[in-house]
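**Student:** Handing you this structure, nothing more for now.
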Amino acid sequence: MSSILVIYASDYGGTEKMAQAVAKGAESVEGTSVVLKKADDVNAADIQASDGVIIGTPVHMGSMDWRIKKLIDTQCSGLWMQDAMNGKVAGVFASGSGFGSAGGGVELTMLSMLNNFAELGMIIIPLPKNTPLYHKGGLQWGPYGRSADENMSPSGISEDVLKVSESHGRHIARAAALLKETPVFG
Ligand SMILES: Cc1cc2nc3c(=O)[nH]c(=O)nc-3n(C[C@H](O)[C@H](O)[C@H](O)COP(=O)(O)O)c2cc1C
């Protein structure tokens, strides 16, 4: 049995929807248990008990939501001191309104989270471009849901993005199950 922890922050429900889809994908992998929690409700014990951690954030001023960064700095950093994050599988997803032609900072947001995961010694799972519907809701770093249209009117997270999010959850749960059998580090 392997365990996946899906963590998110969300004010208006877009990232939460994606988190639910990621969790659904992870649950579809036999022998996987999934815990879905808001960042504010996660503690170090939750993270320590998981084999894989998938974190989703809204893009806020071109970077991750402060609640996600708080979790990393207050809970994950303590585990880093004990080398307790090494070898856990990790992935990211994000939603943003996408203002501007460069995605409103979503790449930087996802990369900064992945940078934190690498610092923590985690094994990062990207989103490969042959994932079904990748072109509708993916970046190589993970699923990206745009919550506004080109005129910046709220559009909500598309069904296609939710399908891509499900695939991401499934990929990470599979990787976590395999790596639990044969740890990479140590
Ligand atoms: C304080 C704040 C800052 C934001 N900054 C950005 C930004 O830099 N780039 C972007 O694409 N969207 C930005 N947005 C829009 C949100 O990322 C977007 O609406 C997102 O889908 C909200 O997620 P949620 O529904 O889970 O709260 C910002 C929203 C807020 C409230």
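Identifiers in the structure tokens: chain A, B, ... in order shown; residue index from 1 per chain; ligand index from 1 in order shown.
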As a ChimeraX atom specification, please: every residue in region 20-156 of chain A that a backbone DSSP assignment puts in strand (DSSP E).

**Tutor:** /A:32-38,52-60,63-64,89-96,123-124,138-139,142-146

**Student:** Would you mind exporting N, CA and C atoms of the selected residues as an mmCIF file, in the first residue's frame?

**Tutor:**
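What follows is the written file part-v7.cif:
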```cif
data_model
loop_
_atom_site.group_PDB
_atom_site.id
_atom_site.type_symbol
_atom_site.label_atom_id
_atom_site.label_comp_id
_atom_site.auth_asym_id
_atom_site.auth_seq_id
_atom_site.Cartn_x
_atom_site.Cartn_y
_atom_site.Cartn_z
ATOM 1 N N THR A 32 -3.360 2.183 -3.663
ATOM 2 C CA THR A 32 -2.973 3.552 -3.266
ATOM 3 C C THR A 32 -4.041 4.161 -2.371
ATOM 4 N N SER A 33 -3.610 4.724 -1.244
ATOM 5 C CA SER A 33 -4.542 5.506 -0.425
ATOM 6 C C SER A 33 -4.212 6.983 -0.632
ATOM 7 N N VAL A 34 -5.252 7.800 -0.646
ATOM 8 C CA VAL A 34 -5.062 9.216 -0.959
ATOM 9 C C VAL A 34 -5.640 10.089 0.145
ATOM 10 N N VAL A 35 -4.872 11.083 0.544
ATOM 11 C CA VAL A 35 -5.357 12.095 1.490
ATOM 12 C C VAL A 35 -5.329 13.435 0.752
ATOM 13 N N LEU A 36 -6.452 14.143 0.805
ATOM 14 C CA LEU A 36 -6.573 15.452 0.135
ATOM 15 C C LEU A 36 -6.751 16.513 1.212
ATOM 16 N N LYS A 37 -5.839 17.477 1.275
ATOM 17 C CA LYS A 37 -5.918 18.475 2.355
ATOM 18 C C LYS A 37 -5.535 19.863 1.881
ATOM 19 N N LYS A 38 -6.161 20.865 2.507
ATOM 20 C CA LYS A 38 -5.727 22.248 2.302
ATOM 21 C C LYS A 38 -4.388 22.447 3.018
ATOM 22 N N GLY A 52 4.172 9.940 -1.578
ATOM 23 C CA GLY A 52 4.189 10.922 -2.654
ATOM 24 C C GLY A 52 3.403 12.152 -2.247
ATOM 25 N N VAL A 53 3.894 13.320 -2.632
ATOM 26 C CA VAL A 53 3.229 14.583 -2.291
ATOM 27 C C VAL A 53 3.005 15.371 -3.589
ATOM 28 N N ILE A 54 1.757 15.784 -3.785
ATOM 29 C CA ILE A 54 1.435 16.572 -4.983
ATOM 30 C C ILE A 54 0.834 17.888 -4.492
ATOM 31 N N ILE A 55 1.457 18.989 -4.891
ATOM 32 C CA ILE A 55 1.018 20.286 -4.364
ATOM 33 C C ILE A 55 0.505 21.184 -5.490
ATOM 34 N N GLY A 56 -0.672 21.778 -5.246
ATOM 35 C CA GLY A 56 -1.265 22.694 -6.217
ATOM 36 C C GLY A 56 -1.450 24.070 -5.626
ATOM 37 N N THR A 57 -1.243 25.068 -6.459
ATOM 38 C CA THR A 57 -1.348 26.462 -5.987
ATOM 39 C C THR A 57 -2.030 27.359 -7.022
ATOM 40 N N PRO A 58 -2.743 28.374 -6.576
ATOM 41 C CA PRO A 58 -3.075 29.455 -7.503
ATOM 42 C C PRO A 58 -1.816 30.289 -7.734
ATOM 43 N N VAL A 59 -1.696 30.891 -8.906
ATOM 44 C CA VAL A 59 -0.573 31.801 -9.166
ATOM 45 C C VAL A 59 -0.914 33.135 -8.511
ATOM 46 N N HIS A 60 -0.077 33.574 -7.614
ATOM 47 C CA HIS A 60 -0.294 34.860 -6.935
ATOM 48 C C HIS A 60 0.901 35.765 -7.173
ATOM 49 N N SER A 63 3.913 33.990 -8.382
ATOM 50 C CA SER A 63 4.583 32.973 -7.569
ATOM 51 C C SER A 63 3.553 32.173 -6.780
ATOM 52 N N MET A 64 4.030 31.223 -5.979
ATOM 53 C CA MET A 64 3.102 30.343 -5.259
ATOM 54 C C MET A 64 2.361 31.101 -4.160
ATOM 55 N N VAL A 89 8.112 10.913 -3.705
ATOM 56 C CA VAL A 89 7.799 11.356 -5.062
ATOM 57 C C VAL A 89 7.032 12.677 -4.983
ATOM 58 N N ALA A 90 7.267 13.565 -5.929
ATOM 59 C CA ALA A 90 6.642 14.895 -5.874
ATOM 60 C C ALA A 90 6.146 15.346 -7.233
ATOM 61 N N GLY A 91 5.082 16.145 -7.216
ATOM 62 C CA GLY A 91 4.581 16.765 -8.442
ATOM 63 C C GLY A 91 3.832 18.036 -8.108
ATOM 64 N N VAL A 92 3.607 18.859 -9.123
ATOM 65 C CA VAL A 92 2.923 20.136 -8.912
ATOM 66 C C VAL A 92 1.803 20.344 -9.930
ATOM 67 N N PHE A 93 0.897 21.246 -9.576
ATOM 68 C CA PHE A 93 -0.105 21.744 -10.522
ATOM 69 C C PHE A 93 -0.477 23.167 -10.085
ATOM 70 N N ALA A 94 -1.078 23.919 -11.005
ATOM 71 C CA ALA A 94 -1.388 25.310 -10.678
ATOM 72 C C ALA A 94 -2.558 25.815 -11.504
ATOM 73 N N SER A 95 -3.231 26.831 -10.968
ATOM 74 C CA SER A 95 -4.221 27.546 -11.776
ATOM 75 C C SER A 95 -3.911 29.029 -11.706
ATOM 76 N N GLY A 96 -4.236 29.717 -12.796
ATOM 77 C CA GLY A 96 -3.994 31.155 -12.852
ATOM 78 C C GLY A 96 -4.934 31.783 -13.862
ATOM 79 N N ILE A 123 11.803 13.107 -5.489
ATOM 80 C CA ILE A 123 11.917 12.656 -6.877
ATOM 81 C C ILE A 123 10.755 13.248 -7.666
ATOM 82 N N ILE A 124 11.083 14.125 -8.585
ATOM 83 C CA ILE A 124 10.072 14.940 -9.277
ATOM 84 C C ILE A 124 9.538 14.226 -10.505
ATOM 85 N N GLY A 138 -1.726 21.370 -20.095
ATOM 86 C CA GLY A 138 -0.483 20.917 -19.489
ATOM 87 C C GLY A 138 0.702 21.787 -19.813
ATOM 88 N N LEU A 139 1.632 21.767 -18.898
ATOM 89 C CA LEU A 139 2.982 22.248 -19.123
ATOM 90 C C LEU A 139 3.855 21.061 -18.748
ATOM 91 N N GLY A 142 3.662 20.267 -15.057
ATOM 92 C CA GLY A 142 2.451 19.746 -14.418
ATOM 93 C C GLY A 142 1.226 20.393 -15.031
ATOM 94 N N PRO A 143 0.026 19.968 -14.608
ATOM 95 C CA PRO A 143 -1.202 20.541 -15.153
ATOM 96 C C PRO A 143 -1.334 22.032 -14.818
ATOM 97 N N TYR A 144 -1.860 22.782 -15.784
ATOM 98 C CA TYR A 144 -2.096 24.217 -15.599
ATOM 99 C C TYR A 144 -3.521 24.526 -16.051
ATOM 100 N N GLY A 145 -4.316 25.054 -15.116
ATOM 101 C CA GLY A 145 -5.682 25.420 -15.454
ATOM 102 C C GLY A 145 -5.810 26.920 -15.540
ATOM 103 N N ARG A 146 -6.325 27.387 -16.674
ATOM 104 C CA ARG A 146 -6.540 28.829 -16.800
ATOM 105 C C ARG A 146 -7.973 29.144 -16.386
#
```

**Student:** If we count only C-alpha atoms and set the cut-off at 10 Å, which residues sit around region 149-160 of chain A, ignoring sequence neighbours fewer than 2 positions away in its own chain? Please answer as a PDB file with N, CA and C atoms, in the first residue's frame.

**Tutor:**
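Saved as part-v3.pdb:
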```
ATOM      1  N   TYR A  12     -10.919  30.653  -4.634  1.00  0.00           N
ATOM      2  CA  TYR A  12     -12.161  30.685  -5.429  1.00  0.00           C
ATOM      3  C   TYR A  12     -12.553  29.319  -5.989  1.00  0.00           C
ATOM      4  N   GLY A  13     -11.836  28.275  -5.618  1.00  0.00           N
ATOM      5  CA  GLY A  13     -12.264  26.922  -5.958  1.00  0.00           C
ATOM      6  C   GLY A  13     -11.629  26.303  -7.200  1.00  0.00           C
ATOM      7  N   GLY A  14     -10.886  27.094  -7.990  1.00  0.00           N
ATOM      8  CA  GLY A  14     -10.297  26.537  -9.211  1.00  0.00           C
ATOM      9  C   GLY A  14      -9.217  25.502  -8.912  1.00  0.00           C
ATOM     10  N   THR A  15      -8.285  25.861  -8.072  1.00  0.00           N
ATOM     11  CA  THR A  15      -7.197  24.935  -7.723  1.00  0.00           C
ATOM     12  C   THR A  15      -7.754  23.744  -6.945  1.00  0.00           C
ATOM     13  N   LYS A  17     -10.650  22.321  -7.411  1.00  0.00           N
ATOM     14  CA  LYS A  17     -11.198  21.384  -8.405  1.00  0.00           C
ATOM     15  C   LYS A  17     -10.094  20.525  -9.016  1.00  0.00           C
ATOM     16  N   MET A  18      -8.988  21.189  -9.335  1.00  0.00           N
ATOM     17  CA  MET A  18      -7.861  20.444  -9.898  1.00  0.00           C
ATOM     18  C   MET A  18      -7.319  19.443  -8.874  1.00  0.00           C
ATOM     19  N   ALA A  21      -9.362  16.405  -8.835  1.00  0.00           N
ATOM     20  CA  ALA A  21      -9.104  15.562 -10.010  1.00  0.00           C
ATOM     21  C   ALA A  21      -7.778  14.811  -9.869  1.00  0.00           C
ATOM     22  N   SER A  95      -3.231  26.831 -10.968  1.00  0.00           N
ATOM     23  CA  SER A  95      -4.221  27.546 -11.776  1.00  0.00           C
ATOM     24  C   SER A  95      -3.911  29.029 -11.706  1.00  0.00           C
ATOM     25  N   GLY A  96      -4.236  29.717 -12.796  1.00  0.00           N
ATOM     26  CA  GLY A  96      -3.994  31.155 -12.852  1.00  0.00           C
ATOM     27  C   GLY A  96      -4.934  31.783 -13.862  1.00  0.00           C
ATOM     28  N   SER A  97      -5.109  33.087 -13.756  1.00  0.00           N
ATOM     29  CA  SER A  97      -5.967  33.743 -14.743  1.00  0.00           C
ATOM     30  C   SER A  97      -5.235  33.925 -16.062  1.00  0.00           C
ATOM     31  N   GLY A  98      -3.902  33.868 -16.021  1.00  0.00           N
ATOM     32  CA  GLY A  98      -3.113  33.851 -17.245  1.00  0.00           C
ATOM     33  C   GLY A  98      -2.987  35.175 -17.939  1.00  0.00           C
ATOM     34  N   PHE A  99      -3.090  36.270 -17.212  1.00  0.00           N
ATOM     35  CA  PHE A  99      -3.004  37.599 -17.822  1.00  0.00           C
ATOM     36  C   PHE A  99      -1.649  37.772 -18.519  1.00  0.00           C
ATOM     37  N   GLY A 100      -1.700  38.265 -19.759  1.00  0.00           N
ATOM     38  CA  GLY A 100      -0.468  38.427 -20.535  1.00  0.00           C
ATOM     39  C   GLY A 100      -0.226  37.195 -21.381  1.00  0.00           C
ATOM     40  N   SER A 101       0.660  37.328 -22.367  1.00  0.00           N
ATOM     41  CA  SER A 101       0.848  36.229 -23.306  1.00  0.00           C
ATOM     42  C   SER A 101       1.812  35.167 -22.799  1.00  0.00           C
ATOM     43  N   PRO A 132      -2.759  12.359 -22.599  1.00  0.00           N
ATOM     44  CA  PRO A 132      -3.958  12.798 -23.330  1.00  0.00           C
ATOM     45  C   PRO A 132      -4.387  14.213 -22.906  1.00  0.00           C
ATOM     46  N   LEU A 133      -4.689  15.051 -23.902  1.00  0.00           N
ATOM     47  CA  LEU A 133      -5.152  16.433 -23.710  1.00  0.00           C
ATOM     48  C   LEU A 133      -4.082  17.381 -23.161  1.00  0.00           C
ATOM     49  N   TYR A 134      -2.845  16.927 -23.213  1.00  0.00           N
ATOM     50  CA  TYR A 134      -1.731  17.778 -22.741  1.00  0.00           C
ATOM     51  C   TYR A 134      -1.810  19.180 -23.329  1.00  0.00           C
ATOM     52  N   HIS A 135      -2.116  19.254 -24.626  1.00  0.00           N
ATOM     53  CA  HIS A 135      -2.120  20.554 -25.307  1.00  0.00           C
ATOM     54  C   HIS A 135      -3.230  21.475 -24.797  1.00  0.00           C
ATOM     55  N   LYS A 136      -4.182  20.921 -24.048  1.00  0.00           N
ATOM     56  CA  LYS A 136      -5.296  21.722 -23.522  1.00  0.00           C
ATOM     57  C   LYS A 136      -5.095  22.110 -22.056  1.00  0.00           C
ATOM     58  N   GLY A 137      -4.144  21.468 -21.397  1.00  0.00           N
ATOM     59  CA  GLY A 137      -4.069  21.760 -19.966  1.00  0.00           C
ATOM     60  C   GLY A 137      -2.785  21.346 -19.318  1.00  0.00           C
ATOM     61  N   GLY A 138      -1.726  21.370 -20.095  1.00  0.00           N
ATOM     62  CA  GLY A 138      -0.483  20.917 -19.489  1.00  0.00           C
ATOM     63  C   GLY A 138       0.702  21.787 -19.813  1.00  0.00           C
ATOM     64  N   TYR A 144      -1.860  22.782 -15.784  1.00  0.00           N
ATOM     65  CA  TYR A 144      -2.096  24.217 -15.599  1.00  0.00           C
ATOM     66  C   TYR A 144      -3.521  24.526 -16.051  1.00  0.00           C
ATOM     67  N   GLY A 145      -4.316  25.054 -15.116  1.00  0.00           N
ATOM     68  CA  GLY A 145      -5.682  25.420 -15.454  1.00  0.00           C
ATOM     69  C   GLY A 145      -5.810  26.920 -15.540  1.00  0.00           C
ATOM     70  N   ARG A 146      -6.325  27.387 -16.674  1.00  0.00           N
ATOM     71  CA  ARG A 146      -6.540  28.829 -16.800  1.00  0.00           C
ATOM     72  C   ARG A 146      -7.973  29.144 -16.386  1.00  0.00           C
ATOM     73  N   SER A 147      -8.113  30.072 -15.443  1.00  0.00           N
ATOM     74  CA  SER A 147      -9.428  30.351 -14.867  1.00  0.00           C
ATOM     75  C   SER A 147     -10.118  31.542 -15.519  1.00  0.00           C
ATOM     76  N   LEU A 162      -9.049  19.147 -16.090  1.00  0.00           N
ATOM     77  CA  LEU A 162      -9.310  18.188 -15.002  1.00  0.00           C
ATOM     78  C   LEU A 162      -8.886  16.782 -15.418  1.00  0.00           C
ATOM     79  N   LYS A 163      -9.056  16.462 -16.699  1.00  0.00           N
ATOM     80  CA  LYS A 163      -8.610  15.136 -17.181  1.00  0.00           C
ATOM     81  C   LYS A 163      -7.077  15.039 -17.125  1.00  0.00           C
ATOM     82  N   VAL A 164      -6.409  16.116 -17.530  1.00  0.00           N
ATOM     83  CA  VAL A 164      -4.939  16.129 -17.458  1.00  0.00           C
ATOM     84  C   VAL A 164      -4.499  15.994 -15.992  1.00  0.00           C
ATOM     85  N   SER A 165      -5.230  16.649 -15.101  1.00  0.00           N
ATOM     86  CA  SER A 165      -4.902  16.577 -13.668  1.00  0.00           C
ATOM     87  C   SER A 165      -5.052  15.149 -13.152  1.00  0.00           C
ATOM     88  N   GLU A 166      -6.093  14.485 -13.611  1.00  0.00           N
ATOM     89  CA  GLU A 166      -6.276  13.069 -13.225  1.00  0.00           C
ATOM     90  C   GLU A 166      -5.088  12.224 -13.665  1.00  0.00           C
TER      91      GLU A 166
END
```

**Student:** Point out the residue among A:Gln140, A:Gln82, A:Asn43, A:Thr109 with the least atom-to-atom distance to ligand 1, counting only C-alpha atoms and all ligand atoms.

**Tutor:**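 Under the stated criterion, the closest residue is A:Thr109.
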
**Student:** If you run DSSP on the backbone, which residues of region 65-118 of chain A are alpha helix (DSSP H), as a count of residues only?

**Tutor:** 24

**Student:** Show me, as a PyMOL selection string, the residues that have an atom within 10 Å of Asn116 (chain A) when counting only C-alpha atoms, minus same-chain residues fewer than 2 positions from it.

**Tutor:** chain A and resi 69+72-73+76-77+110-114+118-122

**Student:** Quick one: residues within 12 Å of Gln75 (chain A), only C-alpha atoms counted, chain neighbours fewer than 2 positions away excluded, as a PyMOL selection string?

**Tutor:** chain A and resi 39-48+67-73+77-82+84-85+120

**Student:** Please determine, counting only C-alpha atoms, which residue among A:Gly186, A:Gly31, A:Gly105, A:Gly25 has the shortest atom-to-atom distance to His168 (chain A).

**Tutor:**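 Distance minimum relative to His168 (chain A) lands on A:Gly25.
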
**Student:** Of the candidates A:Thr74, A:Asn86, A:Leu108, A:Ser2, which one gets nearest to ligand 1 if we count only C-alpha atoms and all ligand atoms?

**Tutor:**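 Residue with the minimum atom-to-atom distance to ligand 1: A:Leu108.
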
**Student:** Would you compute the distance between CA of Lys88 (chain A) and atom 23 (O, counted along the ligand's line) of ligand 1? Give it in Å to one decimal.

**Tutor:** 26.3 Å
